[in-house]
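model_19.pdb (PDB, C-alpha atoms)
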ATOM      1  CA  MET M   1      42.758 -65.269  75.080  1.00  0.00           C
ATOM      2  CA  ASP M   2      40.973 -68.437  75.780  1.00  0.00           C
ATOM      3  CA  ARG M   3      39.323 -68.419  72.394  1.00  0.00           C
ATOM      4  CA  LEU M   4      35.710 -67.399  71.963  1.00  0.00           C
ATOM      5  CA  SER M   5      33.626 -68.806  69.127  1.00  0.00           C
ATOM      6  CA  GLU M   6      32.465 -66.671  66.218  1.00  0.00           C
ATOM      7  CA  ASP M   7      29.053 -66.620  67.937  1.00  0.00           C
ATOM      8  CA  ASP M   8      30.615 -64.816  70.892  1.00  0.00           C
ATOM      9  CA  ASP M   9      31.732 -61.886  68.710  1.00  0.00           C
ATOM     10  CA  SER M  10      29.148 -59.630  70.360  1.00  0.00           C
ATOM     11  CA  LEU M  11      31.053 -59.977  73.622  1.00  0.00           C
ATOM     12  CA  ARG M  12      34.054 -58.253  72.090  1.00  0.00           C
ATOM     13  CA  PHE M  13      32.642 -55.639  69.768  1.00  0.00           C
ATOM     14  CA  SER M  14      29.706 -53.303  69.497  1.00  0.00           C
ATOM     15  CA  ALA M  15      28.398 -51.299  66.569  1.00  0.00           C
ATOM     16  CA  THR M  16      29.032 -47.568  66.565  1.00  0.00           C
ATOM     17  CA  ALA M  17      26.594 -44.982  65.266  1.00  0.00           C
ATOM     18  CA  THR M  18      28.232 -45.287  61.836  1.00  0.00           C
ATOM     19  CA  GLY M  19      27.678 -49.046  61.784  1.00  0.00           C
ATOM     20  CA  LYS M  20      31.375 -49.813  62.154  1.00  0.00           C
ATOM     21  CA  ARG M  21      32.507 -52.193  64.842  1.00  0.00           C
ATOM     22  CA  SER M  22      34.625 -50.803  67.654  1.00  0.00           C
ATOM     23  CA  SER M  23      36.663 -52.620  70.222  1.00  0.00           C
ATOM     24  CA  MET M  24      35.087 -52.660  73.657  1.00  0.00           C
ATOM     25  CA  ALA M  25      36.932 -54.971  76.001  1.00  0.00           C
ATOM     26  CA  TYR M  26      40.134 -55.834  74.172  1.00  0.00           C
ATOM     27  CA  PRO M  27      42.780 -53.454  72.838  1.00  0.00           C
ATOM     28  CA  VAL M  28      43.727 -55.861  69.994  1.00  0.00           C
ATOM     29  CA  PRO M  29      41.049 -56.939  67.470  1.00  0.00           C
ATOM     30  CA  PRO M  30      40.589 -60.718  67.047  1.00  0.00           C
ATOM     31  CA  SER M  31      42.143 -60.572  63.562  1.00  0.00           C
ATOM     32  CA  GLU M  32      45.422 -59.428  65.143  1.00  0.00           C
ATOM     33  CA  ILE M  33      45.465 -61.908  68.025  1.00  0.00           C
ATOM     34  CA  CYS M  34      47.983 -64.632  67.292  1.00  0.00           C
ATOM     35  CA  MET M  35      48.146 -68.256  68.262  1.00  0.00           C
ATOM     36  CA  THR M  36      50.138 -69.131  71.364  1.00  0.00           C
ATOM     37  CA  ILE M  37      53.879 -68.802  70.828  1.00  0.00           C
ATOM     38  CA  GLN M  38      55.623 -72.155  70.430  1.00  0.00           C
ATOM     39  CA  PRO M  39      59.122 -73.523  71.044  1.00  0.00           C
ATOM     40  CA  GLY M  40      61.387 -72.682  68.117  1.00  0.00           C
ATOM     41  CA  LYS M  41      59.735 -69.293  67.548  1.00  0.00           C
ATOM     42  CA  MET M  42      61.213 -65.856  68.247  1.00  0.00           C
ATOM     43  CA  ILE M  43      59.863 -63.804  71.124  1.00  0.00           C
ATOM     44  CA  PRO M  44      57.743 -61.020  69.566  1.00  0.00           C
ATOM     45  CA  ASP M  45      59.190 -57.521  69.725  1.00  0.00           C
ATOM     46  CA  ALA M  46      57.105 -55.163  71.842  1.00  0.00           C
ATOM     47  CA  SER M  47      57.553 -52.210  74.145  1.00  0.00           C
ATOM     48  CA  VAL M  48      57.342 -52.987  77.870  1.00  0.00           C
ATOM     49  CA  GLN M  49      58.420 -51.327  81.085  1.00  0.00           C
ATOM     50  CA  VAL M  50      61.193 -52.961  83.094  1.00  0.00           C
ATOM     51  CA  ILE M  51      61.566 -52.545  86.825  1.00  0.00           C
ATOM     52  CA  ASP M  52      65.067 -53.402  88.058  1.00  0.00           C
ATOM     53  CA  GLY M  53      65.240 -50.918  90.903  1.00  0.00           C
ATOM     54  CA  GLU M  54      64.217 -48.166  88.468  1.00  0.00           C
ATOM     55  CA  VAL M  55      61.473 -48.028  85.824  1.00  0.00           C
ATOM     56  CA  ARG M  56      62.547 -47.873  82.191  1.00  0.00           C
ATOM     57  CA  LYS M  57      61.012 -48.538  78.793  1.00  0.00           C
ATOM     58  CA  CYS M  58      62.573 -51.345  76.815  1.00  0.00           C
ATOM     59  CA  ARG M  59      61.956 -53.486  73.729  1.00  0.00           C
ATOM     60  CA  THR M  60      61.535 -57.196  74.325  1.00  0.00           C
ATOM     61  CA  SER M  61      63.987 -57.826  71.479  1.00  0.00           C
ATOM     62  CA  GLU M  62      66.638 -56.103  73.628  1.00  0.00           C
ATOM     63  CA  LEU M  63      65.631 -57.928  76.820  1.00  0.00           C
ATOM     64  CA  PHE M  64      65.973 -61.377  75.251  1.00  0.00           C
ATOM     65  CA  ALA M  65      68.960 -60.741  72.951  1.00  0.00           C
ATOM     66  CA  ALA M  66      72.205 -62.671  73.508  1.00  0.00           C
ATOM     67  CA  ARG M  67      71.166 -64.259  76.782  1.00  0.00           C
ATOM     68  CA  LYS M  68      69.292 -67.133  78.355  1.00  0.00           C
ATOM     69  CA  VAL M  69      66.012 -66.063  79.937  1.00  0.00           C
ATOM     70  CA  VAL M  70      63.312 -67.625  82.045  1.00  0.00           C
ATOM     71  CA  MET M  71      60.173 -65.510  81.968  1.00  0.00           C
ATOM     72  CA  PHE M  72      57.198 -66.411  84.083  1.00  0.00           C
ATOM     73  CA  GLY M  73      53.806 -64.788  83.789  1.00  0.00           C
ATOM     74  CA  VAL M  74      51.366 -64.096  86.594  1.00  0.00           C
ATOM     75  CA  PRO M  75      47.726 -62.994  86.283  1.00  0.00           C
ATOM     76  CA  GLY M  76      48.214 -60.088  88.670  1.00  0.00           C
ATOM     77  CA  ALA M  77      50.465 -58.390  91.166  1.00  0.00           C
ATOM     78  CA  PHE M  78      49.348 -58.637  94.792  1.00  0.00           C
ATOM     79  CA  THR M  79      47.044 -61.601  94.073  1.00  0.00           C
ATOM     80  CA  PRO M  80      47.278 -64.547  96.509  1.00  0.00           C
ATOM     81  CA  THR M  81      49.012 -67.296  94.495  1.00  0.00           C
ATOM     82  CA  CYS M  82      51.232 -64.799  92.669  1.00  0.00           C
ATOM     83  CA  SER M  83      52.349 -63.102  95.902  1.00  0.00           C
ATOM     84  CA  ASN M  84      52.495 -66.087  98.232  1.00  0.00           C
ATOM     85  CA  LYS M  85      53.937 -68.758  95.933  1.00  0.00           C
ATOM     86  CA  HIS M  86      54.832 -67.894  92.352  1.00  0.00           C
ATOM     87  CA  LEU M  87      57.099 -64.830  92.667  1.00  0.00           C
ATOM     88  CA  PRO M  88      58.636 -65.922  96.016  1.00  0.00           C
ATOM     89  CA  GLY M  89      59.528 -69.297  94.461  1.00  0.00           C
ATOM     90  CA  TYR M  90      61.615 -67.572  91.805  1.00  0.00           C
ATOM     91  CA  VAL M  91      63.207 -65.271  94.386  1.00  0.00           C
ATOM     92  CA  ASN M  92      64.139 -68.333  96.476  1.00  0.00           C
ATOM     93  CA  HIS M  93      65.718 -70.033  93.435  1.00  0.00           C
ATOM     94  CA  LEU M  94      67.566 -67.044  91.955  1.00  0.00           C
ATOM     95  CA  ALA M  95      70.940 -68.605  92.813  1.00  0.00           C
ATOM     96  CA  ASP M  96      69.963 -71.762  90.879  1.00  0.00           C
ATOM     97  CA  PHE M  97      69.173 -69.682  87.801  1.00  0.00           C
ATOM     98  CA  ARG M  98      72.327 -67.606  88.253  1.00  0.00           C
ATOM     99  CA  GLU M  99      74.429 -70.819  88.317  1.00  0.00           C
ATOM    100  CA  ARG M 100      72.954 -71.652  84.895  1.00  0.00           C
ATOM    101  CA  ASP M 101      73.608 -68.086  83.623  1.00  0.00           C
ATOM    102  CA  ILE M 102      69.855 -67.491  83.229  1.00  0.00           C
ATOM    103  CA  THR M 103      68.192 -64.103  83.664  1.00  0.00           C
ATOM    104  CA  VAL M 104      64.784 -64.299  85.374  1.00  0.00           C
ATOM    105  CA  MET M 105      61.860 -62.037  84.444  1.00  0.00           C
ATOM    106  CA  CYS M 106      58.364 -61.773  85.902  1.00  0.00           C
ATOM    107  CA  LEU M 107      55.623 -60.576  83.503  1.00  0.00           C
ATOM    108  CA  ALA M 108      52.243 -59.179  84.508  1.00  0.00           C
ATOM    109  CA  VAL M 109      49.586 -57.054  82.862  1.00  0.00           C
ATOM    110  CA  ASN M 110      49.896 -54.294  85.447  1.00  0.00           C
ATOM    111  CA  ASP M 111      51.342 -50.812  85.264  1.00  0.00           C
ATOM    112  CA  ALA M 112      54.974 -50.202  86.183  1.00  0.00           C
ATOM    113  CA  HIS M 113      54.151 -48.478  89.480  1.00  0.00           C
ATOM    114  CA  VAL M 114      52.123 -51.460  90.689  1.00  0.00           C
ATOM    115  CA  MET M 115      54.932 -53.825  89.654  1.00  0.00           C
ATOM    116  CA  GLN M 116      57.496 -51.648  91.437  1.00  0.00           C
ATOM    117  CA  ALA M 117      55.407 -51.529  94.629  1.00  0.00           C
ATOM    118  CA  TRP M 118      54.804 -55.293  94.464  1.00  0.00           C
ATOM    119  CA  ALA M 119      58.529 -55.981  94.061  1.00  0.00           C
ATOM    120  CA  ALA M 120      59.314 -53.690  97.000  1.00  0.00           C
ATOM    121  CA  SER M 121      56.666 -55.330  99.208  1.00  0.00           C
ATOM    122  CA  LEU M 122      58.225 -58.762  98.607  1.00  0.00           C
ATOM    123  CA  GLN M 123      61.833 -57.503  98.667  1.00  0.00           C
ATOM    124  CA  VAL M 124      62.489 -58.807  95.149  1.00  0.00           C
ATOM    125  CA  PRO M 125      66.179 -58.400  94.238  1.00  0.00           C
ATOM    126  CA  ALA M 126      66.828 -56.038  91.304  1.00  0.00           C
ATOM    127  CA  GLU M 127      68.403 -58.902  89.323  1.00  0.00           C
ATOM    128  CA  LEU M 128      64.920 -60.449  88.970  1.00  0.00           C
ATOM    129  CA  LEU M 129      63.443 -58.169  86.324  1.00  0.00           C
ATOM    130  CA  MET M 130      59.823 -57.186  86.796  1.00  0.00           C
ATOM    131  CA  ILE M 131      58.148 -56.619  83.410  1.00  0.00           C
ATOM    132  CA  ALA M 132      55.043 -54.414  83.226  1.00  0.00           C
ATOM    133  CA  ASP M 133      52.868 -55.018  80.164  1.00  0.00           C
ATOM    134  CA  GLY M 134      50.241 -52.429  81.059  1.00  0.00           C
ATOM    135  CA  ASN M 135      48.138 -52.684  77.896  1.00  0.00           C
ATOM    136  CA  ALA M 136      48.757 -56.426  77.365  1.00  0.00           C
ATOM    137  CA  ALA M 137      50.296 -55.783  73.923  1.00  0.00           C
ATOM    138  CA  PHE M 138      53.276 -58.098  74.522  1.00  0.00           C
ATOM    139  CA  THR M 139      51.054 -60.691  76.198  1.00  0.00           C
ATOM    140  CA  GLN M 140      48.649 -60.684  73.262  1.00  0.00           C
ATOM    141  CA  SER M 141      51.478 -60.845  70.720  1.00  0.00           C
ATOM    142  CA  MET M 142      52.513 -64.137  72.376  1.00  0.00           C
ATOM    143  CA  GLY M 143      48.932 -65.442  72.466  1.00  0.00           C
ATOM    144  CA  LEU M 144      49.091 -65.809  76.258  1.00  0.00           C
ATOM    145  CA  GLU M 145      46.234 -63.502  77.218  1.00  0.00           C
ATOM    146  CA  LEU M 146      43.548 -64.464  79.680  1.00  0.00           C
ATOM    147  CA  ASP M 147      40.085 -62.914  79.757  1.00  0.00           C
ATOM    148  CA  GLY M 148      39.567 -61.890  83.374  1.00  0.00           C
ATOM    149  CA  THR M 149      36.632 -59.553  82.708  1.00  0.00           C
ATOM    150  CA  ALA M 150      34.214 -61.839  84.557  1.00  0.00           C
ATOM    151  CA  PHE M 151      36.324 -61.195  87.675  1.00  0.00           C
ATOM    152  CA  GLY M 152      36.732 -57.448  87.120  1.00  0.00           C
ATOM    153  CA  MET M 153      40.347 -57.875  86.007  1.00  0.00           C
ATOM    154  CA  GLY M 154      40.165 -57.231  82.246  1.00  0.00           C
ATOM    155  CA  VAL M 155      42.762 -58.803  79.998  1.00  0.00           C
ATOM    156  CA  ARG M 156      45.581 -60.500  81.917  1.00  0.00           C
ATOM    157  CA  VAL M 157      48.384 -62.953  81.180  1.00  0.00           C
ATOM    158  CA  LYS M 158      47.958 -66.675  81.701  1.00  0.00           C
ATOM    159  CA  ARG M 159      50.130 -68.259  84.364  1.00  0.00           C
ATOM    160  CA  PHE M 160      53.124 -69.656  82.445  1.00  0.00           C
ATOM    161  CA  ALA M 161      56.891 -70.064  82.356  1.00  0.00           C
ATOM    162  CA  LEU M 162      59.131 -70.095  79.320  1.00  0.00           C
ATOM    163  CA  PHE M 163      62.821 -70.588  78.669  1.00  0.00           C
ATOM    164  CA  ALA M 164      64.420 -68.735  75.751  1.00  0.00           C
ATOM    165  CA  GLU M 165      67.931 -68.493  74.320  1.00  0.00           C
ATOM    166  CA  ASP M 166      68.851 -65.414  72.293  1.00  0.00           C
ATOM    167  CA  GLY M 167      65.163 -64.608  71.836  1.00  0.00           C
ATOM    168  CA  VAL M 168      64.127 -68.092  70.660  1.00  0.00           C
ATOM    169  CA  VAL M 169      61.633 -69.982  72.832  1.00  0.00           C
ATOM    170  CA  ARG M 170      63.061 -73.368  73.806  1.00  0.00           C
ATOM    171  CA  LEU M 171      60.460 -74.381  76.383  1.00  0.00           C
ATOM    172  CA  LEU M 172      56.942 -73.172  77.221  1.00  0.00           C
ATOM    173  CA  GLN M 173      54.817 -74.412  80.122  1.00  0.00           C
ATOM    174  CA  ILE M 174      51.306 -72.986  80.501  1.00  0.00           C
ATOM    175  CA  GLU M 175      49.171 -73.719  83.529  1.00  0.00           C
ATOM    176  CA  ALA M 176      45.659 -75.106  83.176  1.00  0.00           C
ATOM    177  CA  PRO M 177      43.069 -72.743  84.698  1.00  0.00           C
ATOM    178  CA  GLY M 178      43.343 -72.669  88.472  1.00  0.00           C
ATOM    179  CA  GLU M 179      46.525 -74.742  88.601  1.00  0.00           C
ATOM    180  CA  PHE M 180      50.005 -73.964  89.861  1.00  0.00           C
ATOM    181  CA  ARG M 181      52.354 -76.802  88.900  1.00  0.00           C
ATOM    182  CA  VAL M 182      54.237 -76.442  85.616  1.00  0.00           C
ATOM    183  CA  SER M 183      55.227 -72.770  85.872  1.00  0.00           C
ATOM    184  CA  THR M 184      56.928 -72.930  89.266  1.00  0.00           C
ATOM    185  CA  ALA M 185      60.636 -72.197  89.588  1.00  0.00           C
ATOM    186  CA  GLU M 186      61.235 -75.827  90.510  1.00  0.00           C
ATOM    187  CA  ALA M 187      59.294 -77.141  87.493  1.00  0.00           C
ATOM    188  CA  ILE M 188      61.062 -74.917  84.962  1.00  0.00           C
ATOM    189  CA  LEU M 189      64.489 -75.726  86.434  1.00  0.00           C
ATOM    190  CA  THR M 190      63.726 -79.442  86.160  1.00  0.00           C
ATOM    191  CA  ALA M 191      62.516 -79.039  82.581  1.00  0.00           C
ATOM    192  CA  ILE M 192      65.598 -77.031  81.581  1.00  0.00           C
ATOM    193  CA  ASP M 193      67.933 -79.624  83.092  1.00  0.00           C
ATOM    194  CA  HIS M 194      66.306 -82.508  81.158  1.00  0.00           C
TER     195      HIS M 194
END

Would you kindly transcribe this structure into structure tokens?
Amino acid sequence: MDRLSEDDDSLRFSATATGKRSSMAYPVPPSEICMTIQPGKMIPDASVQVIDGEVRKCRTSELFAARKVVMFGVPGAFTPTCSNKHLPGYVNHLADFRERDITVMCLAVNDAHVMQAWAASLQVPAELLMIADGNAAFTQSMGLELDGTAFGMGVRVKRFALFAEDGVVRLLQIEAPGEFRVSTAEAILTAIDH
């Protein structure tokens, strides 16, 4: 999450009747939130749901094993930039990724049914894997969470793109708030080729 100071702790936790703190807004306590994943590090292992025509549970360690992967993250399915630019850009460049023997995955903190409906609405080919991280556990394990509570969206994933080989991050490009430049299909292809 964009980090809050220690003084902002009250925004995340409240005292229970027993005096113990309980999580309010975030499913992972701050002590378990990691720093942003970096190139050279392994993709964390977590359970996600994959939509590739069907919905199935899968471990991220299996998804990234023995292959080259570009994963891009979007703050939400059916949102304007995600639907009009980000996901369609990757669909339009699937052949470019295929030529490089790269599997493409789209990650969002949405449930699998929303991801499946979104993919269907944009006619996303099954070879572009839609990854549903409904509780943001995978997102948080990578340190790529975004606090969207001020907008009624809860915890989401930052807009990003990464390139990994056999589960090791080789390249990570995270967008500044409100921007859409470094995580595009064109930008990640250029970065991979250099």

Nearest to Arg100 in chain M: which of M:Gly53, M:Ile43, M:Met115, M:Ile192 is it, counting all atoms listed in the file?
M:Ile192

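With all atoms listed in the file taken into account, the protein and nucleic acid residues at most 8 Å from Leu144 in chain M (excluding it and anything under 6 positions from it in its own chain) are Met1, Thr36, Ile37, Val157 and Lys158 of chain M.
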
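With CA of Met105 in chain M on one side and CA of Met153 in chain M on the other, the separation reads 22.0 Å.
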
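If all atoms listed in the file are the atoms counted, then among M:Asn84, M:Gly73, M:Lys57, M:Val91 the closest residue to Leu162 in chain M is M:Gly73.
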
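Once all atoms listed in the file are considered, the residues situated within 8 Å of the file point (63.9, -66.9, 80.0) turn out to be M:Phe64, M:Lys68, M:Val69, M:Val70, M:Met71, M:Phe72, M:Ile102, M:Thr103, M:Val104, M:Met105, M:Leu162, M:Phe163, M:Ala164, M:Glu165.
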
Residue IDs satisfying the PyMOL selection byres ((chain M and resi 186) around 12), as a count of residues only
27

Expansion of the PyMOL selection byres ((chain M and resi 154-156) around 12) into residues, as an NGL selection string:
:M and (1-2 or 12 or 24-28 or 73-77 or 107-111 or 132-140 or 143-153 or 157-160)

So the first atom is CA of Cys106 in chain M and the second is CA of Ala65 in chain M; what is the distance between them in Å, to one decimal place?
16.8 Å

Which one is closest to Ala95 in chain M: M:Pro80, M:Glu127, M:Trp118, M:His113? Count only C-alpha atoms.
M:Glu127

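The interatomic distance for the pair CA of Leu122 in chain M and CA of Thr79 in chain M works out to 12.4 Å.
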
Expand the PyMOL selection byres ((chain M and resi 126) around 8) into the explicit residue set it covers here, and present it as a list in words.
Ile51, Asp52, Gly53, Val124, Pro125, Glu127, Leu128 and Leu129 of chain M

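Shell of range 167-169 of chain M at 8 Å, with all atoms listed in the file counted and residues fewer than 6 places along the chain excluded, is Gln38, Pro39, Gly40, Lys41, Met42, Ile43, Ser61, Phe64, Ala65, Ala66 and Arg67 of chain M.
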
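Using all atoms listed in the file, the shortest contact distance between Glu54 in chain M and any of M:Gln173, M:Met130, M:Ser141, M:Met35 is found at M:Met130.
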
All file atoms of range 36-47 of chain M boxed axis-aligned, 4 Å per side, centre plus edges, as lines of an AutoDock Vina configuration file:
center_x = 55.8
center_y = -62.9
center_z = 70.8
size_x = 19.2
size_y = 29.3
size_z = 14.6
